[in-house]
Amino acid sequence: MNAALIANESLGKFSREGFDEFVARRIDPVWLNETRKAAWESFDAMEWPNPRDENWMRSDLRGFKLDKFSPVDETQALEQTAAPVRLRDGVDVGGALSSVNGLVISQSLDADLAAKGVLFCSLSKACRENGELVKKHLHSLIDSASDRFAALEKAMWSDGAFLYVPRNVVIEKPLHLHSSMLEGGIDLSHTLVVLEEGAQATVLTECSSATEQGSGFHCGGIELILGARSNLRFVSLQDWGQKVWAFAHQKASVGQDATIQWTVAAMGSRFAQVDQQVELVAPGASSFVNGVMFTRDRQHLTYNTIQRHSAEHCTSDFLYKSVLQDRSRTVWRGMIKVDEGADKTDGYQRNDNLMLSDHARADSIPGLEIKADDVRCTHGSTSGRVDEELIFYAQTRGFTRREAVLMIVTGFFQQIFDRITIESVREALGAAIARQVRQVD
Amino acid sequence: MSHTLKIDNLHVSVEGKEILRGVNLTIHFGETHALMGPNGSGKSTLGLAISGHPNYEITSGSILLDGEDITEWEADQRARAGIFMAFQRPVAIPGVKTADFLRHAATNVRRPDRKEGEDLIPMRDFRKELKSKMEQLKIDSEFARRYVNDGFSGGEMKRSEILTMAMLSPKFSILDETDSGLDADAVRLASASIAEIGKDKMGLLIITHHDKLLEHNPPQFTHVMLGGRIVETGGAELARELHDHGYERIRKTYPEAEAANQEMLAKEETVSA
């Protein structure tokens, strides 16, 4: 059903002519130009996701029309929008980067960090100025053949962020990244983070639209590459306008004794489907992923997560929690994959859903795929309607109904907040959640 | 201070079944009333109806607080007006610290006009007050950081309810079997705490089977409920009689109410079967 609906639509500006025009207006190094062309060919040859595909069978793409959007090329001049920024309040940042419609419009980095060899800049710029370094890592994790959106992103990403932290360099202050979208705009962007051995960084990323009800199209990629003994705290707040269609592939590769703490908060967009994968590639690697989804109206958010253990003695810990209002829907598919020989694996995944409305629906599909013998993998999920007795109890203590619901929701997310080590992020998420809670009947 | 809670010919139904069949009761500030009666007679229902539970439909009669008709009020409005109930089995709220919960509750109850989002009682002042109340009630200070009723033992739940009562200082408190499920020491502690917090500082309606609670809180009035009505009212001696001899005399004296009680119990069993 979905496939047919999209396949019959015109590609509009995402046709071959559109692509040729897009690359002609860019100033890319030859290798990148070739990569884009190859990705375009595979995009062109692929079908839209098949609704029988396990990853897409719960996704309702009716209403998504690619030809309503146009690629953004580097010749366009864009200015800062009124799109809200939430993660920077009271945070002393070491660098900041902001983009509009997928084009970087401002970037900064503390001089002492630059002096240590840290790079934090527009990805397009990095391709031109640090080509060899970028080429080695860009699209090295995401499989562009996995679906048509991945191929489109690889072919036509307009800009994004590149962070490179050299060996043993520790960045104390968080780096901030804000992507915004104009009404009806698009964001085809890529974030590439490379931490060399022993490096440490905290990256706060967020995206939002110029208006709360903004429409648009996001097709993005995130690749996080952690060298041995490195440590990355990566936060992403997805707060696109309520009419945005969002598709993303996000993947981290965690090296020996390295640690990633990845916090995801998804509140925005009409429809969002994210494939998130953390691969533990060398012994001693650890990953902690915290996911918060808070939906309303007819929002439909999907997270397909994979925690992949390809080496022994690694730890992965995924906790996703969603609160659903109105007629919204969330889908969480979690998979722990343990490769042959990845013994002493410690894998954990959990998904809890709290429905504030009888019309909301949460699908929770945990899974295990284990090919090693000596592993400990646990998973679980719960879903339920908010308990009226809790609301009544709080009301007898003077809470209004809305205050009671907000308190119960905050309590529900507390387990995740307890795992977030950055205070400003906890506060910003708490405030964002409070804004979303509406009167519950 | 003079406050009055007046229950006037109250009829209450749950899921279409009538449970209270005309309850009349007047409590003045500073008085202690005991409410006794066999299982299924409607004691907890009266408490929940006064508190404003949405599933307890008041089909006729009224609840008046200082002459104002609060029958149609939401539970939170009643709480802010000074009505409190200590629950038999309070629910747990995971992830919400007892101190945070009580701070918000105390702010709303003390400032009934507070709008959502307005400032709470300053953290420092609140902590100080909470700490002293907890010391007074011999509650471990670690309690404040635990999640509301989450994983609490029976005794901890009851003490938490008494602590809440202390922080909210209501005009009228309904204590629903605050002594049930506790061992002798815990009952003594709860009884002494209620006396310390509640005596002369509010109107108390104590729903109980025990005499221990009433020993520390001697009632001026004892009401006996049967078949959804208060069939008899006396003094402290009535509570003692019921404790010593049970409800045999009451059942015989009020055969109509007894029949209604049996009927309600039978329905209850049908529903739960």
# chains A, B, ... in the order shown; residues from 1 in each chain; ligands from 1
>>> interface_residues(of="chain B", to="chain A", cutoff="7 Å", atoms="only C-alpha atoms", output="VMD selection string")
chain B and resid 51 53 75 to 77 79 to 80 84 91 93 to 96 105 108 to 109
>>> write_last_selection(atoms="N, CA and C atoms", output="compact mmCIF listing (two decimals), in the first residue's frame")
# COMPACT_ATOMS: atom_id res chain seq x y z
N SER B 51 -14.24 12.83 49.19
CA SER B 51 -13.00 13.27 48.54
C SER B 51 -13.20 13.66 47.08
N HIS B 53 -14.06 11.23 44.41
CA HIS B 53 -13.65 10.22 43.42
C HIS B 53 -14.65 10.21 42.26
N ALA B 75 -11.96 16.77 42.78
CA ALA B 75 -11.21 16.34 43.96
C ALA B 75 -10.16 17.38 44.37
N ASP B 76 -9.50 18.01 43.39
CA ASP B 76 -8.44 18.95 43.76
C ASP B 76 -9.01 20.23 44.37
N GLN B 77 -10.21 20.63 43.93
CA GLN B 77 -10.84 21.81 44.54
C GLN B 77 -11.17 21.53 46.00
N ALA B 79 -9.65 19.37 47.94
CA ALA B 79 -8.40 19.31 48.70
C ALA B 79 -7.96 20.73 49.06
N ARG B 80 -8.08 21.63 48.09
CA ARG B 80 -7.65 23.01 48.34
C ARG B 80 -8.57 23.72 49.32
N PHE B 84 -9.34 16.27 53.38
CA PHE B 84 -8.23 15.34 53.21
C PHE B 84 -8.69 13.93 53.52
N VAL B 91 -1.80 4.75 46.34
CA VAL B 91 -1.12 4.25 45.14
C VAL B 91 0.32 4.75 45.08
N ILE B 93 3.55 6.23 43.01
CA ILE B 93 3.84 7.04 41.82
C ILE B 93 5.34 6.93 41.52
N PRO B 94 5.72 5.97 40.69
CA PRO B 94 7.15 5.74 40.43
C PRO B 94 7.79 6.97 39.80
N GLY B 95 9.02 7.22 40.19
CA GLY B 95 9.78 8.31 39.57
C GLY B 95 9.52 9.67 40.19
N VAL B 96 8.56 9.76 41.12
CA VAL B 96 8.26 11.06 41.73
C VAL B 96 8.66 11.01 43.21
N ALA B 105 2.03 19.63 46.49
CA ALA B 105 0.73 19.48 47.15
C ALA B 105 0.53 20.60 48.18
N ASN B 108 -0.17 24.03 46.60
CA ASN B 108 -1.53 24.16 46.05
C ASN B 108 -2.58 24.28 47.14
N VAL B 109 -2.40 23.49 48.20
CA VAL B 109 -3.42 23.49 49.25
C VAL B 109 -3.35 24.79 50.06
>>> residues_around(residues="region 231-242 of chain B", least_positions_apart="6", cutoff="6 Å", atoms="only C-alpha atoms", output="list of chain:residue names")
B:Pro219, B:Gln220, B:Phe221, B:Thr222, B:His223, B:Val224, B:Met225
>>> write_last_selection(atoms="C-alpha atoms", output="compact mmCIF listing (two decimals), in the first residue's frame")
# COMPACT_ATOMS: atom_id res chain seq x y z
CA PRO B 219 -14.11 10.01 69.72
CA GLN B 220 -16.83 12.36 70.89
CA PHE B 221 -19.11 10.58 68.45
CA THR B 222 -19.27 7.04 67.17
CA HIS B 223 -21.36 6.28 64.11
CA VAL B 224 -22.35 2.83 63.02
CA MET B 225 -22.88 2.21 59.37
>>> closest_residue(among="B:Glu248, B:Glu156, B:Asp69, B:Glu129", to="Ala99 (chain B)", atoms="only C-alpha atoms")
B:Glu129
>>> closest_residue(among="A:Gly131, A:Gly334, A:Gly63, A:Pro49", to="Trp245 (chain A)", atoms="only C-alpha atoms")
A:Gly63
>>> residues_around(residues="region 167-179 of chain A", least_positions_apart="6", cutoff="9 Å", atoms="only C-alpha atoms", output="mmCIF file with C-alpha atoms, in the first residue's frame")
data_model
loop_
_atom_site.group_PDB
_atom_site.id
_atom_site.type_symbol
_atom_site.label_atom_id
_atom_site.label_comp_id
_atom_site.auth_asym_id
_atom_site.auth_seq_id
_atom_site.Cartn_x
_atom_site.Cartn_y
_atom_site.Cartn_z
ATOM 1 C CA ALA A 83 13.230 28.138 15.066
ATOM 2 C CA VAL A 85 16.848 26.461 20.402
ATOM 3 C CA LEU A 87 19.726 22.848 24.541
ATOM 4 C CA ARG A 88 21.921 25.946 24.740
ATOM 5 C CA VAL A 91 25.421 26.138 28.599
ATOM 6 C CA ASP A 92 28.947 27.388 28.060
ATOM 7 C CA VAL A 93 29.733 25.848 24.683
ATOM 8 C CA GLY A 94 33.131 25.165 23.157
ATOM 9 C CA GLY A 95 31.795 25.558 19.667
ATOM 10 C CA ALA A 96 28.537 25.970 17.810
ATOM 11 C CA LEU A 97 27.211 25.339 14.376
ATOM 12 C CA SER A 98 23.857 26.179 12.929
ATOM 13 C CA SER A 99 22.161 25.385 9.686
ATOM 14 C CA VAL A 100 19.014 26.381 7.837
ATOM 15 C CA ASN A 101 17.411 24.018 5.331
ATOM 16 C CA GLY A 102 20.488 21.828 5.506
ATOM 17 C CA LEU A 103 23.040 24.566 4.790
ATOM 18 C CA VAL A 104 25.443 25.692 7.492
ATOM 19 C CA LEU A 109 35.032 26.839 17.702
ATOM 20 C CA LEU A 113 40.416 23.603 20.652
ATOM 21 C CA LYS A 116 44.781 21.246 19.462
ATOM 22 C CA GLY A 117 43.714 20.089 16.026
ATOM 23 C CA VAL A 118 39.973 19.819 16.681
ATOM 24 C CA PHE A 120 34.209 21.413 13.983
ATOM 25 C CA GLY A 160 26.021 19.039 7.786
ATOM 26 C CA ALA A 161 28.544 18.925 10.556
ATOM 27 C CA ASP A 187 17.022 19.258 5.536
ATOM 28 C CA SER A 189 22.090 16.734 6.123
ATOM 29 C CA LEU A 195 36.946 10.599 17.880
ATOM 30 C CA GLU A 196 40.467 9.318 17.713
ATOM 31 C CA GLU A 197 41.967 7.091 20.376
ATOM 32 C CA GLY A 198 41.480 8.507 23.877
ATOM 33 C CA ALA A 199 39.507 11.546 22.695
ATOM 34 C CA GLN A 200 36.476 12.856 24.585
ATOM 35 C CA ALA A 201 33.612 15.110 23.569
ATOM 36 C CA THR A 202 30.025 16.084 24.347
ATOM 37 C CA VAL A 203 27.811 17.013 21.409
ATOM 38 C CA LEU A 204 24.358 18.529 21.817
ATOM 39 C CA THR A 205 22.353 18.428 18.610
ATOM 40 C CA GLU A 206 18.844 19.617 18.038
ATOM 41 C CA CYS A 207 16.574 20.362 15.138
ATOM 42 C CA SER A 208 13.461 22.491 14.925
ATOM 43 C CA SER A 209 11.247 24.308 12.458
ATOM 44 C CA GLY A 227 38.346 5.125 18.442
ATOM 45 C CA SER A 230 37.383 7.415 23.475
#
>>> select_by_dssp(residues="region 61-260 of chain B", states="strand (DSSP E or B)", output="MDAnalysis selection string")
chainID B and resid 61:65 68:69 83:86 93:97 147:148 172:176 203:207 221:226 229:234
>>> write_last_selection(atoms="N, CA and C atoms", output="short mmCIF file (atom, residue, chain, number, x, y, z; two decimals), in the first residue's frame")
data_model
loop_
_atom_site.label_atom_id
_atom_site.label_comp_id
_atom_site.auth_asym_id
_atom_site.auth_seq_id
_atom_site.Cartn_x
_atom_site.Cartn_y
_atom_site.Cartn_z
N GLY B 61 -28.68 14.27 47.49
CA GLY B 61 -28.07 14.74 48.72
C GLY B 61 -26.91 15.68 48.43
N SER B 62 -26.27 16.15 49.49
CA SER B 62 -25.21 17.13 49.27
C SER B 62 -24.12 17.07 50.33
N ILE B 63 -22.97 17.65 49.95
CA ILE B 63 -21.85 17.80 50.88
C ILE B 63 -21.61 19.30 51.02
N LEU B 64 -21.69 19.78 52.25
CA LEU B 64 -21.52 21.21 52.48
C LEU B 64 -20.30 21.46 53.35
N LEU B 65 -19.44 22.34 52.89
CA LEU B 65 -18.28 22.73 53.69
C LEU B 65 -18.46 24.20 54.07
N GLU B 68 -21.00 25.92 52.13
CA GLU B 68 -20.88 25.95 50.68
C GLU B 68 -21.07 24.54 50.11
N ASP B 69 -21.86 24.46 49.08
CA ASP B 69 -22.15 23.15 48.48
C ASP B 69 -20.98 22.72 47.60
N ILE B 83 -10.30 19.53 52.52
CA ILE B 83 -10.73 18.14 52.74
C ILE B 83 -9.54 17.22 52.49
N PHE B 84 -9.34 16.27 53.38
CA PHE B 84 -8.23 15.34 53.21
C PHE B 84 -8.69 13.93 53.52
N MET B 85 -8.11 12.98 52.80
CA MET B 85 -8.38 11.58 53.12
C MET B 85 -7.06 10.83 53.14
N ALA B 86 -6.83 10.09 54.21
CA ALA B 86 -5.68 9.18 54.27
C ALA B 86 -6.19 7.83 53.78
N ILE B 93 3.55 6.23 43.01
CA ILE B 93 3.84 7.04 41.82
C ILE B 93 5.34 6.93 41.52
N PRO B 94 5.72 5.97 40.69
CA PRO B 94 7.15 5.74 40.43
C PRO B 94 7.79 6.97 39.80
N GLY B 95 9.02 7.22 40.19
CA GLY B 95 9.78 8.31 39.57
C GLY B 95 9.52 9.67 40.19
N VAL B 96 8.56 9.76 41.12
CA VAL B 96 8.26 11.06 41.73
C VAL B 96 8.66 11.01 43.21
N LYS B 97 9.60 11.85 43.58
CA LYS B 97 10.10 11.83 44.96
C LYS B 97 9.04 12.38 45.92
N TYR B 147 10.51 7.40 46.11
CA TYR B 147 9.37 7.69 45.25
C TYR B 147 8.06 7.46 46.02
N VAL B 148 7.06 8.24 45.72
CA VAL B 148 5.80 8.24 46.45
C VAL B 148 5.21 6.82 46.58
N PHE B 172 -10.63 19.14 57.54
CA PHE B 172 -11.26 17.87 57.87
C PHE B 172 -10.47 16.71 57.28
N SER B 173 -10.21 15.69 58.10
CA SER B 173 -9.48 14.51 57.63
C SER B 173 -10.31 13.26 57.81
N ILE B 174 -10.33 12.46 56.75
CA ILE B 174 -10.97 11.15 56.83
C ILE B 174 -9.82 10.14 56.85
N LEU B 175 -9.75 9.34 57.87
CA LEU B 175 -8.68 8.35 57.97
C LEU B 175 -9.28 6.98 57.74
N ASP B 176 -8.99 6.40 56.57
CA ASP B 176 -9.62 5.14 56.20
C ASP B 176 -8.75 3.96 56.64
N GLY B 203 -11.10 18.57 62.03
CA GLY B 203 -12.16 17.63 62.33
C GLY B 203 -11.72 16.27 61.81
N LEU B 204 -11.87 15.21 62.64
CA LEU B 204 -11.40 13.89 62.23
C LEU B 204 -12.56 12.92 62.07
N LEU B 205 -12.53 12.20 60.96
CA LEU B 205 -13.48 11.09 60.79
C LEU B 205 -12.63 9.84 60.66
N ILE B 206 -12.63 9.03 61.71
CA ILE B 206 -11.75 7.87 61.76
C ILE B 206 -12.53 6.60 61.45
N ILE B 207 -12.20 5.98 60.34
CA ILE B 207 -12.83 4.71 59.97
C ILE B 207 -11.92 3.61 60.51
N PHE B 221 -17.95 11.21 69.10
CA PHE B 221 -19.11 10.58 68.45
C PHE B 221 -18.67 9.28 67.78
N THR B 222 -19.50 8.28 67.91
CA THR B 222 -19.27 7.04 67.17
C THR B 222 -20.51 6.79 66.32
N HIS B 223 -20.24 6.56 65.02
CA HIS B 223 -21.36 6.28 64.11
C HIS B 223 -21.23 4.85 63.61
N VAL B 224 -22.36 4.19 63.53
CA VAL B 224 -22.35 2.83 63.02
C VAL B 224 -23.05 2.80 61.68
N MET B 225 -22.32 2.27 60.70
CA MET B 225 -22.88 2.21 59.37
C MET B 225 -23.30 0.79 59.05
N LEU B 226 -24.45 0.67 58.41
CA LEU B 226 -24.94 -0.64 57.99
C LEU B 226 -25.82 -0.43 56.76
N ARG B 229 -26.17 3.21 55.38
CA ARG B 229 -26.74 4.29 56.19
C ARG B 229 -26.10 4.29 57.57
N ILE B 230 -26.09 5.43 58.21
CA ILE B 230 -25.67 5.48 59.61
C ILE B 230 -26.91 5.14 60.43
N VAL B 231 -26.84 3.98 61.11
CA VAL B 231 -28.04 3.51 61.81
C VAL B 231 -28.04 3.92 63.27
N GLU B 232 -26.86 4.17 63.80
CA GLU B 232 -26.82 4.54 65.21
C GLU B 232 -25.65 5.46 65.48
N THR B 233 -25.84 6.41 66.38
CA THR B 233 -24.76 7.31 66.76
C THR B 233 -24.70 7.37 68.27
N GLY B 234 -23.47 7.24 68.80
CA GLY B 234 -23.32 7.34 70.25
C GLY B 234 -22.00 8.01 70.58
#
>>> select_by_dssp(residues="region 151-287 of chain A", states="alpha helix (DSSP H)", output="PyMOL selection string")
chain A and resi 151-156
>>> write_last_selection(atoms="N, CA and C atoms", output="PDB file, in the first residue's frame")
ATOM      1  N   ALA A 151      19.933   6.066   0.377  1.00  0.00           N
ATOM      2  CA  ALA A 151      20.598   6.334  -0.905  1.00  0.00           C
ATOM      3  C   ALA A 151      20.442   7.801  -1.300  1.00  0.00           C
ATOM      4  N   LEU A 152      19.249   8.338  -1.076  1.00  0.00           N
ATOM      5  CA  LEU A 152      19.006   9.745  -1.417  1.00  0.00           C
ATOM      6  C   LEU A 152      19.896  10.671  -0.588  1.00  0.00           C
ATOM      7  N   GLU A 153      20.011  10.336   0.691  1.00  0.00           N
ATOM      8  CA  GLU A 153      20.843  11.165   1.575  1.00  0.00           C
ATOM      9  C   GLU A 153      22.299  11.134   1.103  1.00  0.00           C
ATOM     10  N   LYS A 154      22.771   9.960   0.733  1.00  0.00           N
ATOM     11  CA  LYS A 154      24.169   9.847   0.294  1.00  0.00           C
ATOM     12  C   LYS A 154      24.400  10.613  -1.006  1.00  0.00           C
ATOM     13  N   ALA A 155      23.400  10.620  -1.867  1.00  0.00           N
ATOM     14  CA  ALA A 155      23.542  11.298  -3.159  1.00  0.00           C
ATOM     15  C   ALA A 155      23.406  12.810  -3.036  1.00  0.00           C
ATOM     16  N   MET A 156      22.490  13.263  -2.231  1.00  0.00           N
ATOM     17  CA  MET A 156      22.119  14.679  -2.292  1.00  0.00           C
ATOM     18  C   MET A 156      22.193  15.429  -0.968  1.00  0.00           C
TER      19      MET A 156
END
>>> closest_residue(among="B:Leu182, B:Leu120, B:Ile139, B:Leu20", to="Leu163 (chain B)", atoms="only C-alpha atoms")
B:Ile139
>>> residues_around(residues="Ser310 (chain A)", least_positions_apart="4", cutoff="6 Å", atoms="only C-alpha atoms", output="compact mmCIF listing (two decimals) with N, CA and C atoms, in the first residue's frame")
# COMPACT_ATOMS: atom_id res chain seq x y z
N LEU A 280 29.37 -2.47 18.44
CA LEU A 280 30.50 -2.55 19.35
C LEU A 280 31.54 -3.41 18.64
N VAL A 281 32.58 -2.75 18.16
CA VAL A 281 33.47 -3.42 17.20
C VAL A 281 34.74 -4.00 17.81
N ASP A 339 27.17 -11.39 17.26
CA ASP A 339 27.87 -12.16 16.24
C ASP A 339 28.54 -13.39 16.85
N ALA A 342 31.30 -13.43 19.75
CA ALA A 342 31.20 -12.26 20.64
C ALA A 342 30.77 -12.71 22.03
>>> decode(residues="region 218-250 of chain A", atoms="N, CA and C atoms", output="tab-separated table (two decimals), in the first residue's frame")
chain	number	residue	atom	x	y	z
A	218	HIS	N	12.85	15.98	6.10
A	218	HIS	CA	14.22	15.74	6.58
A	218	HIS	C	14.64	14.36	6.15
A	219	CYS	N	15.83	14.29	5.58
A	219	CYS	CA	16.39	13.00	5.20
A	219	CYS	C	17.84	13.08	5.60
A	220	GLY	N	18.20	12.40	6.68
A	220	GLY	CA	19.53	12.66	7.23
A	220	GLY	C	20.31	11.42	7.61
A	221	GLY	N	21.56	11.67	7.92
A	221	GLY	CA	22.43	10.60	8.37
A	221	GLY	C	23.32	11.09	9.50
A	222	ILE	N	23.54	10.21	10.47
A	222	ILE	CA	24.48	10.51	11.54
A	222	ILE	C	25.45	9.34	11.63
A	223	GLU	N	26.75	9.66	11.63
A	223	GLU	CA	27.75	8.61	11.81
A	223	GLU	C	28.71	9.04	12.92
A	224	LEU	N	28.83	8.17	13.91
A	224	LEU	CA	29.67	8.47	15.07
A	224	LEU	C	30.74	7.38	15.15
A	225	ILE	N	31.98	7.79	15.04
A	225	ILE	CA	33.06	6.80	14.98
A	225	ILE	C	33.98	7.01	16.18
A	226	LEU	N	33.97	6.03	17.06
A	226	LEU	CA	34.71	6.17	18.31
A	226	LEU	C	35.94	5.26	18.30
A	227	GLY	N	37.10	5.88	18.38
A	227	GLY	CA	38.35	5.13	18.44
A	227	GLY	C	38.53	4.51	19.82
A	228	ALA	N	39.59	3.76	19.98
A	228	ALA	CA	39.84	3.07	21.24
A	228	ALA	C	39.88	4.05	22.40
A	229	ARG	N	39.29	3.64	23.52
A	229	ARG	CA	39.28	4.41	24.79
A	229	ARG	C	38.71	5.82	24.64
A	230	SER	N	38.00	6.09	23.60
A	230	SER	CA	37.38	7.41	23.47
A	230	SER	C	36.04	7.42	24.21
A	231	ASN	N	35.51	8.61	24.40
A	231	ASN	CA	34.26	8.75	25.14
A	231	ASN	C	33.42	9.85	24.51
A	232	LEU	N	32.23	9.48	24.08
A	232	LEU	CA	31.35	10.46	23.44
A	232	LEU	C	30.01	10.50	24.15
A	233	ARG	N	29.59	11.71	24.48
A	233	ARG	CA	28.22	11.90	24.94
A	233	ARG	C	27.50	12.65	23.83
A	234	PHE	N	26.52	12.00	23.25
A	234	PHE	CA	25.83	12.57	22.09
A	234	PHE	C	24.35	12.69	22.42
A	235	VAL	N	23.83	13.90	22.27
A	235	VAL	CA	22.43	14.14	22.60
A	235	VAL	C	21.73	14.65	21.35
A	236	SER	N	20.59	14.09	21.02
A	236	SER	CA	19.86	14.68	19.91
A	236	SER	C	18.39	14.87	20.27
A	237	LEU	N	17.97	16.10	20.09
A	237	LEU	CA	16.58	16.47	20.35
A	237	LEU	C	15.90	16.73	19.02
A	238	GLN	N	14.94	15.89	18.68
A	238	GLN	CA	14.23	16.04	17.41
A	238	GLN	C	12.93	16.77	17.69
A	239	ASP	N	12.87	18.00	17.25
A	239	ASP	CA	11.69	18.83	17.53
A	239	ASP	C	11.23	19.52	16.25
A	240	TRP	N	11.27	18.80	15.15
A	240	TRP	CA	10.79	19.35	13.88
A	240	TRP	C	9.33	19.79	14.01
A	241	GLY	N	8.91	20.66	13.10
A	241	GLY	CA	7.51	21.09	13.07
A	241	GLY	C	6.57	19.90	12.93
A	242	GLN	N	5.34	20.10	13.34
A	242	GLN	CA	4.39	18.99	13.42
A	242	GLN	C	3.92	18.45	12.07
A	243	LYS	N	4.38	19.05	10.97
A	243	LYS	CA	3.99	18.52	9.66
A	243	LYS	C	5.19	18.05	8.85
A	244	VAL	N	6.31	17.84	9.53
A	244	VAL	CA	7.54	17.44	8.84
A	244	VAL	C	7.58	15.92	8.67
A	245	TRP	N	8.04	15.49	7.50
A	245	TRP	CA	8.32	14.07	7.26
A	245	TRP	C	9.82	13.87	7.48
A	246	ALA	N	10.18	12.93	8.35
A	246	ALA	CA	11.60	12.78	8.68
A	246	ALA	C	12.03	11.32	8.54
A	247	PHE	N	13.17	11.15	7.90
A	247	PHE	CA	13.74	9.82	7.69
A	247	PHE	C	15.22	9.90	8.03
A	248	ALA	N	15.71	8.99	8.85
A	248	ALA	CA	17.11	9.11	9.23
A	248	ALA	C	17.75	7.76	9.47
A	249	HIS	N	19.04	7.72	9.15
A	249	HIS	CA	19.87	6.57	9.48
A	249	HIS	C	20.98	7.06	10.38
A	250	GLN	N	21.09	6.44	11.54
A	250	GLN	CA	22.06	6.91	12.51
A	250	GLN	C	22.83	5.72	13.03
